[in-house]
Structure formats: structure tokens, C-alpha cells
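Have a look at entry-v5.pdb; it's PDB, C-alpha atoms, pLDDT in the B column:
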ATOM      1  CA  MET P 253      22.124   5.840  -1.153  1.00 32.00           C
ATOM      2  CA  SER P 254      21.958   2.321  -2.549  1.00 34.00           C
ATOM      3  CA  TYR P 255      19.654  -0.076  -0.755  1.00 34.00           C
ATOM      4  CA  LYS P 256      20.624  -3.721  -0.483  1.00 42.00           C
ATOM      5  CA  SER P 257      18.534  -6.857  -0.266  1.00 46.00           C
ATOM      6  CA  LYS P 258      18.569  -8.125   3.293  1.00 48.00           C
ATOM      7  CA  ALA P 259      18.800 -11.711   2.083  1.00 50.00           C
ATOM      8  CA  ASN P 260      22.138 -11.519   0.289  1.00 53.00           C
ATOM      9  CA  ASN P 261      23.341  -7.911   0.617  1.00 59.00           C
ATOM     10  CA  ARG P 262      23.023  -7.451  -3.139  1.00 60.00           C
ATOM     11  CA  PRO P 263      21.271  -4.526  -4.843  1.00 63.00           C
ATOM     12  CA  LEU P 264      17.593  -5.101  -5.558  1.00 62.00           C
ATOM     13  CA  GLU P 265      16.659  -6.371  -9.016  1.00 62.00           C
ATOM     14  CA  ASP P 266      14.982  -3.086 -10.018  1.00 52.00           C
ATOM     15  CA  GLN P 267      18.093  -1.174  -8.970  1.00 60.00           C
ATOM     16  CA  GLN P 268      20.291  -3.404 -11.091  1.00 63.00           C
ATOM     17  CA  LEU P 269      17.927  -3.093 -14.035  1.00 56.00           C
ATOM     18  CA  PHE P 270      17.916   0.714 -13.997  1.00 56.00           C
ATOM     19  CA  ALA P 271      21.608   1.143 -13.252  1.00 63.00           C
ATOM     20  CA  THR P 272      23.454   2.699 -16.188  1.00 59.00           C
ATOM     21  CA  PRO P 273      26.322   0.573 -17.570  1.00 57.00           C
ATOM     22  CA  HIS P 274      29.055   2.815 -16.180  1.00 55.00           C
ATOM     23  CA  ASP P 275      27.528   2.632 -12.689  1.00 52.00           C
ATOM     24  CA  THR P 276      27.991  -1.078 -12.233  1.00 52.00           C
ATOM     25  CA  ASP P 277      30.505  -3.809 -12.849  1.00 55.00           C
ATOM     26  CA  THR P 278      28.444  -6.974 -12.795  1.00 54.00           C
ATOM     27  CA  ALA P 279      29.137 -10.572 -13.596  1.00 56.00           C
ATOM     28  CA  PHE P 280      28.069 -11.989 -16.940  1.00 49.00           C
ATOM     29  CA  LEU P 281      24.826 -13.469 -15.609  1.00 52.00           C
ATOM     30  CA  ASP P 282      23.796 -10.043 -14.270  1.00 57.00           C
ATOM     31  CA  THR P 283      24.077  -8.284 -17.630  1.00 70.00           C
ATOM     32  CA  ASP P 284      20.948  -6.951 -19.283  1.00 72.00           C
ATOM     33  CA  PRO P 285      20.470  -9.672 -21.938  1.00 77.00           C
ATOM     34  CA  TRP P 286      20.344 -12.372 -19.242  1.00 78.00           C
ATOM     35  CA  ARG P 287      18.158 -10.243 -17.008  1.00 83.00           C
ATOM     36  CA  VAL P 288      15.501 -10.387 -19.731  1.00 87.00           C
ATOM     37  CA  LEU P 289      15.125 -14.099 -19.012  1.00 88.00           C
ATOM     38  CA  ARG P 290      14.460 -13.416 -15.340  1.00 88.00           C
ATOM     39  CA  ILE P 291      11.883 -10.803 -16.297  1.00 91.00           C
ATOM     40  CA  GLN P 292      10.287 -13.267 -18.705  1.00 94.00           C
ATOM     41  CA  GLY P 293      10.126 -15.855 -15.942  1.00 93.00           C
ATOM     42  CA  GLU P 294       8.391 -13.401 -13.653  1.00 94.00           C
ATOM     43  CA  PHE P 295       5.774 -12.680 -16.323  1.00 96.00           C
ATOM     44  CA  VAL P 296       5.210 -16.395 -16.869  1.00 96.00           C
ATOM     45  CA  GLU P 297       4.788 -17.017 -13.149  1.00 95.00           C
ATOM     46  CA  GLY P 298       2.263 -14.194 -12.843  1.00 95.00           C
ATOM     47  CA  PHE P 299       0.283 -15.239 -15.911  1.00 96.00           C
ATOM     48  CA  ASN P 300       0.205 -18.849 -14.771  1.00 96.00           C
ATOM     49  CA  ALA P 301      -1.008 -17.996 -11.273  1.00 96.00           C
ATOM     50  CA  LEU P 302      -3.688 -15.500 -12.308  1.00 96.00           C
ATOM     51  CA  ALA P 303      -4.994 -16.862 -15.609  1.00 94.00           C
ATOM     52  CA  GLY P 304      -8.043 -18.481 -14.004  1.00 93.00           C
ATOM     53  CA  LEU P 305      -8.784 -15.686 -11.568  1.00 95.00           C
ATOM     54  CA  GLY P 306     -12.149 -14.580 -12.940  1.00 94.00           C
ATOM     55  CA  PRO P 307     -13.644 -11.086 -12.538  1.00 96.00           C
ATOM     56  CA  ALA P 308     -11.510  -9.035 -10.160  1.00 97.00           C
ATOM     57  CA  VAL P 309     -11.105  -5.495  -8.876  1.00 98.00           C
ATOM     58  CA  THR P 310      -7.794  -3.967  -7.831  1.00 98.00           C
ATOM     59  CA  VAL P 311      -7.770  -1.734  -4.761  1.00 98.00           C
ATOM     60  CA  PHE P 312      -5.033   0.836  -4.147  1.00 97.00           C
ATOM     61  CA  GLY P 313      -4.305   3.077  -1.195  1.00 97.00           C
ATOM     62  CA  SER P 314      -1.777   4.030   1.424  1.00 97.00           C
ATOM     63  CA  ALA P 315       0.302   1.386   3.181  1.00 95.00           C
ATOM     64  CA  ARG P 316       0.438   3.786   6.154  1.00 95.00           C
ATOM     65  CA  THR P 317      -3.258   3.666   6.996  1.00 97.00           C
ATOM     66  CA  ARG P 318      -3.820   1.841  10.291  1.00 97.00           C
ATOM     67  CA  PRO P 319      -6.571  -0.516  11.395  1.00 97.00           C
ATOM     68  CA  GLY P 320      -9.383   1.372  13.074  1.00 97.00           C
ATOM     69  CA  GLU P 321      -8.858   4.532  11.022  1.00 98.00           C
ATOM     70  CA  PRO P 322     -11.912   5.558   8.962  1.00 97.00           C
ATOM     71  CA  GLN P 323     -10.200   5.002   5.597  1.00 98.00           C
ATOM     72  CA  TYR P 324      -9.058   1.520   6.640  1.00 98.00           C
ATOM     73  CA  GLU P 325     -12.533   0.503   7.749  1.00 98.00           C
ATOM     74  CA  GLN P 326     -14.031   2.007   4.601  1.00 98.00           C
ATOM     75  CA  ALA P 327     -11.673  -0.113   2.492  1.00 98.00           C
ATOM     76  CA  VAL P 328     -12.702  -3.226   4.424  1.00 98.00           C
ATOM     77  CA  ALA P 329     -16.384  -2.501   3.866  1.00 98.00           C
ATOM     78  CA  LEU P 330     -15.953  -1.668   0.171  1.00 98.00           C
ATOM     79  CA  ALA P 331     -13.902  -4.766  -0.579  1.00 98.00           C
ATOM     80  CA  GLN P 332     -16.437  -6.884   1.281  1.00 98.00           C
ATOM     81  CA  ARG P 333     -19.247  -5.393  -0.786  1.00 98.00           C
ATOM     82  CA  LEU P 334     -17.336  -6.031  -4.021  1.00 98.00           C
ATOM     83  CA  GLY P 335     -16.547  -9.561  -2.899  1.00 98.00           C
ATOM     84  CA  GLU P 336     -20.200 -10.220  -2.212  1.00 98.00           C
ATOM     85  CA  ALA P 337     -20.951  -8.941  -5.728  1.00 97.00           C
ATOM     86  CA  GLY P 338     -18.777 -11.706  -7.158  1.00 97.00           C
ATOM     87  CA  PHE P 339     -15.372 -10.060  -7.595  1.00 98.00           C
ATOM     88  CA  ALA P 340     -11.985 -11.269  -6.450  1.00 98.00           C
ATOM     89  CA  ILE P 341      -9.974  -8.518  -4.758  1.00 98.00           C
ATOM     90  CA  ILE P 342      -6.407  -7.747  -5.826  1.00 98.00           C
ATOM     91  CA  THR P 343      -4.005  -5.573  -3.840  1.00 97.00           C
ATOM     92  CA  GLY P 344      -0.277  -5.051  -3.517  1.00 95.00           C
ATOM     93  CA  GLY P 345      -0.360  -7.475  -0.598  1.00 95.00           C
ATOM     94  CA  GLY P 346       1.113  -5.109   1.975  1.00 94.00           C
ATOM     95  CA  PRO P 347      -0.235  -3.266   5.011  1.00 95.00           C
ATOM     96  CA  GLY P 348      -2.661  -0.341   5.269  1.00 97.00           C
ATOM     97  CA  ILE P 349      -5.388  -0.062   2.649  1.00 98.00           C
ATOM     98  CA  MET P 350      -4.046  -3.177   0.939  1.00 97.00           C
ATOM     99  CA  GLU P 351      -4.518  -5.192   4.103  1.00 98.00           C
ATOM    100  CA  ALA P 352      -7.961  -3.684   4.640  1.00 98.00           C
ATOM    101  CA  ALA P 353      -9.122  -4.668   1.151  1.00 98.00           C
ATOM    102  CA  ASN P 354      -7.800  -8.206   1.508  1.00 98.00           C
ATOM    103  CA  LYS P 355      -9.549  -8.415   4.870  1.00 98.00           C
ATOM    104  CA  GLY P 356     -12.833  -7.310   3.295  1.00 98.00           C
ATOM    105  CA  ALA P 357     -12.443  -9.970   0.617  1.00 98.00           C
ATOM    106  CA  ASN P 358     -11.959 -12.595   3.329  1.00 98.00           C
ATOM    107  CA  GLN P 359     -15.093 -11.460   5.117  1.00 98.00           C
ATOM    108  CA  ALA P 360     -17.042 -11.884   1.873  1.00 98.00           C
ATOM    109  CA  GLN P 361     -15.400 -15.272   1.280  1.00 98.00           C
ATOM    110  CA  ALA P 362     -14.096 -13.920  -2.021  1.00 98.00           C
ATOM    111  CA  LEU P 363     -10.658 -14.730  -3.383  1.00 98.00           C
ATOM    112  CA  SER P 364      -8.099 -12.368  -1.840  1.00 98.00           C
ATOM    113  CA  VAL P 365      -4.995 -11.767  -3.980  1.00 98.00           C
ATOM    114  CA  GLY P 366      -1.767 -10.048  -2.940  1.00 97.00           C
ATOM    115  CA  LEU P 367       0.884  -9.098  -5.510  1.00 96.00           C
ATOM    116  CA  ASN P 368       3.839  -8.278  -3.293  1.00 93.00           C
ATOM    117  CA  ILE P 369       6.936  -6.359  -4.418  1.00 88.00           C
ATOM    118  CA  GLU P 370      10.557  -6.535  -3.337  1.00 82.00           C
ATOM    119  CA  LEU P 371      11.371  -3.232  -1.631  1.00 76.00           C
ATOM    120  CA  PRO P 372      14.474  -1.710  -0.005  1.00 68.00           C
ATOM    121  CA  PHE P 373      12.629  -1.945   3.295  1.00 64.00           C
ATOM    122  CA  GLU P 374      11.024  -5.249   4.135  1.00 55.00           C
ATOM    123  CA  GLN P 375       7.291  -5.436   3.341  1.00 65.00           C
ATOM    124  CA  HIS P 376       5.487  -8.362   4.920  1.00 83.00           C
ATOM    125  CA  LEU P 377       2.539  -9.932   3.180  1.00 92.00           C
ATOM    126  CA  ASN P 378      -0.613  -9.175   5.120  1.00 95.00           C
ATOM    127  CA  PRO P 379      -2.400 -12.141   6.752  1.00 96.00           C
ATOM    128  CA  TYR P 380      -5.602 -11.836   4.696  1.00 98.00           C
ATOM    129  CA  VAL P 381      -4.132 -12.941   1.354  1.00 98.00           C
ATOM    130  CA  ASP P 382      -5.245 -16.289  -0.119  1.00 97.00           C
ATOM    131  CA  LEU P 383      -3.187 -16.168  -3.310  1.00 97.00           C
ATOM    132  CA  ASP P 384       0.161 -14.383  -3.215  1.00 95.00           C
ATOM    133  CA  ILE P 385       2.817 -13.763  -5.835  1.00 95.00           C
ATOM    134  CA  ASP P 386       6.140 -12.055  -5.150  1.00 92.00           C
ATOM    135  CA  PHE P 387       7.584  -9.717  -7.786  1.00 93.00           C
ATOM    136  CA  ARG P 388      11.009  -8.178  -8.156  1.00 90.00           C
ATOM    137  CA  TYR P 389      10.103  -5.773 -10.951  1.00 91.00           C
ATOM    138  CA  PHE P 390       7.523  -3.036 -10.537  1.00 90.00           C
ATOM    139  CA  PHE P 391       6.540  -3.002 -14.201  1.00 93.00           C
ATOM    140  CA  VAL P 392       5.804  -6.734 -14.225  1.00 95.00           C
ATOM    141  CA  ARG P 393       3.664  -6.366 -11.123  1.00 94.00           C
ATOM    142  CA  LYS P 394       1.845  -3.363 -12.606  1.00 94.00           C
ATOM    143  CA  THR P 395       1.028  -5.397 -15.706  1.00 95.00           C
ATOM    144  CA  MET P 396      -0.618  -8.045 -13.533  1.00 96.00           C
ATOM    145  CA  LEU P 397      -2.566  -5.444 -11.550  1.00 94.00           C
ATOM    146  CA  VAL P 398      -4.125  -4.165 -14.782  1.00 93.00           C
ATOM    147  CA  LYS P 399      -4.377  -7.329 -16.875  1.00 94.00           C
ATOM    148  CA  TYR P 400      -6.399  -9.324 -14.383  1.00 95.00           C
ATOM    149  CA  SER P 401      -8.634  -6.522 -13.142  1.00 96.00           C
ATOM    150  CA  LEU P 402     -11.714  -4.973 -14.688  1.00 94.00           C
ATOM    151  CA  ALA P 403     -11.679  -1.854 -12.488  1.00 96.00           C
ATOM    152  CA  PHE P 404      -9.449   0.169 -10.170  1.00 97.00           C
ATOM    153  CA  VAL P 405     -10.582   1.504  -6.814  1.00 98.00           C
ATOM    154  CA  ILE P 406      -8.321   4.310  -5.594  1.00 98.00           C
ATOM    155  CA  LEU P 407      -8.460   5.161  -1.902  1.00 98.00           C
ATOM    156  CA  PRO P 408      -6.307   7.862  -0.275  1.00 98.00           C
ATOM    157  CA  GLY P 409      -2.648   7.093  -0.794  1.00 98.00           C
ATOM    158  CA  GLY P 410       0.764   8.426  -1.740  1.00 97.00           C
ATOM    159  CA  PHE P 411       3.144   8.295  -4.707  1.00 96.00           C
ATOM    160  CA  GLY P 412       2.531   4.629  -5.479  1.00 93.00           C
ATOM    161  CA  THR P 413      -1.227   5.136  -5.510  1.00 97.00           C
ATOM    162  CA  LEU P 414      -0.898   8.153  -7.811  1.00 97.00           C
ATOM    163  CA  ASP P 415       1.417   6.187 -10.083  1.00 95.00           C
ATOM    164  CA  GLU P 416      -1.221   3.501 -10.550  1.00 94.00           C
ATOM    165  CA  LEU P 417      -3.993   6.075 -10.955  1.00 96.00           C
ATOM    166  CA  PHE P 418      -2.301   7.980 -13.763  1.00 96.00           C
ATOM    167  CA  GLU P 419      -0.996   4.868 -15.491  1.00 94.00           C
ATOM    168  CA  ALA P 420      -4.570   3.578 -15.659  1.00 94.00           C
ATOM    169  CA  LEU P 421      -5.858   6.888 -16.998  1.00 95.00           C
ATOM    170  CA  THR P 422      -3.148   6.931 -19.675  1.00 94.00           C
ATOM    171  CA  LEU P 423      -3.950   3.370 -20.742  1.00 93.00           C
ATOM    172  CA  ILE P 424      -7.650   4.226 -21.000  1.00 92.00           C
ATOM    173  CA  GLN P 425      -7.074   7.506 -22.824  1.00 91.00           C
ATOM    174  CA  THR P 426      -4.878   5.808 -25.416  1.00 89.00           C
ATOM    175  CA  GLY P 427      -7.195   2.836 -25.870  1.00 88.00           C
ATOM    176  CA  LYS P 428      -4.882   0.207 -24.399  1.00 91.00           C
ATOM    177  CA  ILE P 429      -7.620  -0.880 -21.981  1.00 90.00           C
ATOM    178  CA  GLN P 430     -11.361  -0.393 -22.405  1.00 88.00           C
ATOM    179  CA  ASN P 431     -14.507  -0.391 -20.286  1.00 88.00           C
ATOM    180  CA  PHE P 432     -12.289   0.137 -17.259  1.00 93.00           C
ATOM    181  CA  PRO P 433     -13.751   2.295 -14.484  1.00 94.00           C
ATOM    182  CA  VAL P 434     -11.423   4.203 -12.167  1.00 96.00           C
ATOM    183  CA  VAL P 435     -13.271   4.951  -8.936  1.00 97.00           C
ATOM    184  CA  MET P 436     -11.680   7.395  -6.500  1.00 98.00           C
ATOM    185  CA  VAL P 437     -13.077   7.044  -2.994  1.00 98.00           C
ATOM    186  CA  GLY P 438     -12.784  10.026  -0.640  1.00 97.00           C
ATOM    187  CA  ARG P 439     -13.870  13.418  -1.949  1.00 97.00           C
ATOM    188  CA  ASP P 440     -12.101  15.433   0.728  1.00 97.00           C
ATOM    189  CA  TYR P 441      -8.801  13.744  -0.057  1.00 98.00           C
ATOM    190  CA  TRP P 442      -9.002  13.739  -3.859  1.00 98.00           C
ATOM    191  CA  GLN P 443     -10.874  16.969  -4.602  1.00 96.00           C
ATOM    192  CA  GLY P 444      -7.732  19.125  -4.501  1.00 97.00           C
ATOM    193  CA  LEU P 445      -6.079  16.933  -7.122  1.00 97.00           C
ATOM    194  CA  VAL P 446      -9.165  16.998  -9.337  1.00 97.00           C
ATOM    195  CA  ASP P 447      -9.391  20.781  -8.968  1.00 97.00           C
ATOM    196  CA  TRP P 448      -5.772  21.079 -10.058  1.00 97.00           C
ATOM    197  CA  LEU P 449      -6.427  18.866 -13.072  1.00 97.00           C
ATOM    198  CA  ARG P 450      -9.364  21.064 -14.016  1.00 97.00           C
ATOM    199  CA  HIS P 451      -7.967  24.520 -13.263  1.00 97.00           C
ATOM    200  CA  THR P 452      -4.383  23.938 -14.380  1.00 98.00           C
ATOM    201  CA  MET P 453      -4.070  21.043 -16.812  1.00 97.00           C
ATOM    202  CA  LEU P 454      -7.460  21.520 -18.458  1.00 97.00           C
ATOM    203  CA  SER P 455      -7.319  25.310 -18.519  1.00 97.00           C
ATOM    204  CA  GLU P 456      -3.911  25.176 -20.225  1.00 97.00           C
ATOM    205  CA  GLY P 457      -5.155  22.660 -22.787  1.00 94.00           C
ATOM    206  CA  LYS P 458      -2.995  19.757 -21.587  1.00 95.00           C
ATOM    207  CA  ILE P 459      -6.039  17.507 -21.167  1.00 94.00           C
ATOM    208  CA  SER P 460      -9.630  17.667 -22.358  1.00 93.00           C
ATOM    209  CA  GLU P 461     -12.924  17.845 -20.487  1.00 93.00           C
ATOM    210  CA  GLU P 462     -13.559  14.306 -21.686  1.00 92.00           C
ATOM    211  CA  ASP P 463     -10.423  13.113 -19.897  1.00 93.00           C
ATOM    212  CA  LEU P 464     -11.846  14.247 -16.571  1.00 94.00           C
ATOM    213  CA  ASP P 465     -14.899  12.096 -17.256  1.00 91.00           C
ATOM    214  CA  LEU P 466     -12.657   9.049 -16.938  1.00 93.00           C
ATOM    215  CA  LEU P 467     -12.648   9.581 -13.170  1.00 94.00           C
ATOM    216  CA  TYR P 468     -15.537   8.717 -10.895  1.00 95.00           C
ATOM    217  CA  ILE P 469     -15.308  10.273  -7.418  1.00 97.00           C
ATOM    218  CA  THR P 470     -17.510   9.280  -4.522  1.00 98.00           C
ATOM    219  CA  ASP P 471     -17.690   8.876  -0.769  1.00 98.00           C
ATOM    220  CA  SER P 472     -20.262   6.118  -1.039  1.00 97.00           C
ATOM    221  CA  ILE P 473     -19.415   2.442  -0.864  1.00 97.00           C
ATOM    222  CA  GLU P 474     -22.737   1.704  -2.542  1.00 97.00           C
ATOM    223  CA  GLU P 475     -22.054   4.056  -5.454  1.00 97.00           C
ATOM    224  CA  ALA P 476     -18.520   2.733  -5.960  1.00 97.00           C
ATOM    225  CA  THR P 477     -19.805  -0.830  -6.054  1.00 97.00           C
ATOM    226  CA  GLN P 478     -22.662   0.065  -8.405  1.00 96.00           C
ATOM    227  CA  VAL P 479     -20.343   1.737 -10.906  1.00 94.00           C
ATOM    228  CA  ILE P 480     -18.150  -1.345 -11.090  1.00 95.00           C
ATOM    229  CA  VAL P 481     -21.053  -3.801 -11.240  1.00 95.00           C
ATOM    230  CA  GLU P 482     -22.728  -1.825 -14.034  1.00 92.00           C
ATOM    231  CA  CYS P 483     -19.484  -1.741 -16.013  1.00 89.00           C
ATOM    232  CA  ALA P 484     -19.112  -5.483 -15.669  1.00 89.00           C
ATOM    233  CA  ARG P 485     -22.679  -6.039 -16.865  1.00 87.00           C
ATOM    234  CA  THR P 486     -22.742  -3.713 -19.840  1.00 81.00           C
ATOM    235  CA  GLU P 487     -19.757  -2.590 -21.866  1.00 69.00           C
ATOM    236  CA  SER P 488     -21.516   0.475 -23.283  1.00 66.00           C
ATOM    237  CA  TRP P 489     -21.992   2.077 -19.858  1.00 62.00           C
ATOM    238  CA  ARG P 490     -18.369   3.193 -19.536  1.00 72.00           C
ATOM    239  CA  SER P 491     -17.100   2.742 -23.056  1.00 76.00           C
ATOM    240  CA  GLN P 492     -18.976   5.810 -24.353  1.00 77.00           C
ATOM    241  CA  LYS P 493     -17.056   8.117 -22.013  1.00 78.00           C
ATOM    242  CA  GLU P 494     -13.767   6.418 -22.804  1.00 85.00           C
ATOM    243  CA  GLU P 495     -14.337   6.669 -26.553  1.00 86.00           C
ATOM    244  CA  SER P 496     -15.029  10.405 -26.224  1.00 86.00           C
ATOM    245  CA  ALA P 497     -11.687  10.879 -24.474  1.00 83.00           C
ATOM    246  CA  ARG P 498      -9.864   8.804 -27.077  1.00 86.00           C
ATOM    247  CA  GLU P 499     -11.493  10.704 -29.942  1.00 89.00           C
ATOM    248  CA  VAL P 500     -10.163  13.998 -28.583  1.00 86.00           C
ATOM    249  CA  THR P 501      -6.725  12.413 -28.199  1.00 83.00           C
ATOM    250  CA  ARG P 502      -6.824  11.205 -31.808  1.00 85.00           C
ATOM    251  CA  GLN P 503      -7.764  14.683 -33.005  1.00 85.00           C
ATOM    252  CA  VAL P 504      -4.900  16.253 -31.068  1.00 81.00           C
ATOM    253  CA  TYR P 505      -2.309  13.853 -32.456  1.00 77.00           C
ATOM    254  CA  GLY P 506      -3.819  14.024 -35.912  1.00 73.00           C
ATOM    255  CA  SER P 507      -3.581  17.821 -35.966  1.00 60.00           C
ATOM    256  CA  ALA P 508       0.073  17.606 -34.966  1.00 52.00           C
ATOM    257  CA  GLU P 509       1.029  15.597 -38.052  1.00 47.00           C
TER     258      GLU P 509
END

Could you write out this structure as C-alpha cells?
Amino acid sequence: MSYKSKANNRPLEDQQLFATPHDTDTAFLDTDPWRVLRIQGEFVEGFNALAGLGPAVTVFGSARTRPGEPQYEQAVALAQRLGEAGFAIITGGGPGIMEAANKGANQAQALSVGLNIELPFEQHLNPYVDLDIDFRYFFVRKTMLVKYSLAFVILPGGFGTLDELFEALTLIQTGKIQNFPVVMVGRDYWQGLVDWLRHTMLSEGKISEEDLDLLYITDSIEEATQVIVECARTESWRSQKEESAREVTRQVYGSAE
């Protein structure tokens, strides 16, 4: 199935980008070399809009969570607490946990940022966003979510949430970003995943014990906020754990040479 943009009945930009040459017969301006200019423009727009953002935290979670549900209200309260601590709040700009976090930022009178993405199904920007940017390309949007944030908060979510979680862990493990806490909120939801990481990936030697230390799991809004505040205040608090994980990674790749 090929989804079309509702606006002009054309394939979405990401679909065109990832289409193999023999799958498409596009006009000259839709060929890959010219598409690079559109991607460049999207990066420039994002950098220009967010360059003066200041300290910010990105919050991820399910778009399917509804107002009034415990996880939604927890996201509101956590984002409000982070906003009161001086952080802007960044989300994907959509419904569910994203909306809840932007709402919490509003309640704290903190800057509320929504980085929306073009999807096959229409995703409306939630009403609690102060600064919004629309993206066509997932990888450009993901760059902005990391570049302008000093921590990730991961609430219960689906594939997109897991994608962001593991991308962040990979960037930390390989030293691409540093002093970057990843706080997973909701022990009941996340414990099965962490158990699998420990009893399958770790036990088979695919990750190290130090890699698991990159995750911080809690049910407490206060603890989640404290972890992020402490990281912002002192680089050594988190960097020691990250360096341990990177040292193991270096040893593994060094032994493979």
C-alpha cells in the first residue's frame, strides 16, 4: 500500500526518498540530487527556529494515550515540574503523551515546542504548542529532538517511542552525545523490556552491564526531575556511567581488529 499526501495526492517525501530507483519514475526535480536541497532546507529551518531555545527536555510517549488516563496526567505533571525547573519541553507535537507534555509546559509557563511530522494519516498539532515546526523527513526531525535537548524522558509508547529510546542509547554508547540522561517513566510498562535486555541481550554478550546503566527507570515524577536537574548542574554525575559504557564498547571493537 502506498499512502498519498492528502494535499496533492502525491507520495509523502519520506516515501519518495526511500523508494528504490526502479520503483519510481519521477520528474527531474524529484530526483535524489535535488531532494538533498529540500532536506538541507529543512535542516536550516529547524536550526534557525531552535538555536536560541535554551535548556530543554524532550518527552516521548504514545500518541494513543487519552486525557484523563493515568499516564497522560503523569506526563502533564512531569512536564510541569520540568518546566518549573527551567526547562523548555519538546515533543513530537501530536496527541497523547505529546499533548500532555506540552500541556504541562504551558501550565508551568515554560516554552512548549512541537516538532510535527508529515504522516500518511493526518496528525494535527496539539493546542498546547507555542513553537511549532513541521518536518517531512523523520531523520531531520530526530536530529532536532536530540540536538536541542539535554535529556530524554520516555513514557509508555509504541514503535516510535522505542525508536527514539534506542537511537539515544546508541548515540550515548558510541560517544556521539554525552551527559545525556534517558529516564524511563513507568516501571510496570518498561520492566519487561529491561528484563529482556538483561536476560537475553546481556546474557548472550550483545551488550554490557554498563550499557544497562545508561537507563534510569522510575515511577516518581520527583526522581525523574531530580535526575535531569542534577545532570544539567554537573556533567560528572552522568558522564561517569556513560564513559564506562563507551570504554567497554571500545574494548569490544578493539579486540575485533

_Quick check on the file I pasted: which residues fall under the PyMOL selection byres ((chain P and resi 477) around 9)? Write them as JSON, numbers by chain._
{"P": [330, 331, 333, 334, 337, 472, 473, 474, 475, 476, 478, 479, 480, 481, 482]}

*What is the distance, in Å and to one decimal place, between CA of Arg318 (chain P) and CA of Val365 (chain P)?*
19.8 Å

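Between CA of Asp382 (chain P) and CA of Leu421 (chain P) lies a distance of 28.7 Å.
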
*Which residues come within 12 Å of Asp440 (chain P), counting all atoms listed in the file, excluding same-chain residues fewer than 5 positions away, as an NGL selection string?*
:P and (323 or 407-408 or 445-447 or 469-471)

*Report the distance between CA of Gln430 (chain P) and CA of Ser491 (chain P) in Å, rounded to one decimal place.*
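One can read the CA of Gln430 (chain P) to CA of Ser491 (chain P) distance as 6.6 Å.
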
*Please evaluate the PyMOL selection byres ((chain P and resi 292-300) around 10) against the structure above and give the resulting residues as an MDAnalysis selection string.*
chainID P and resid 287:291 301:304 367 384:389 391:393 395:396 399:400

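Within the file as shown, the PyMOL selection byres ((chain P and resi 311) around 7) identifies Val309, Thr310, Phe312, Gly313, Ile342, Thr343, Met350, Ala353, Phe404, Val405 and Ile406 of chain P.
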
*Nearest to Val500 (chain P), chosen from P:Gly444, P:Gly427, P:Gly438, P:Gly356, with all atoms listed in the file counted in the distances*: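 The closest residue to Val500 (chain P) is P:Gly427.
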
*asked:* Using all atoms listed in the file for the distances, tell me which of P:Gly457, P:Pro433, P:Gly306, P:Gly506 is nearest to Lys493 (chain P).
replied: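 Answer, going by the shortest atom-to-atom distance: P:Pro433.
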
*Best match for closeness to Gly344 (chain P) among P:Glu321, P:Glu462, P:Glu419, P:Glu370, counting only C-alpha atoms*: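 Once distances to Gly344 (chain P) are computed over only C-alpha atoms, the minimum belongs to P:Glu370.
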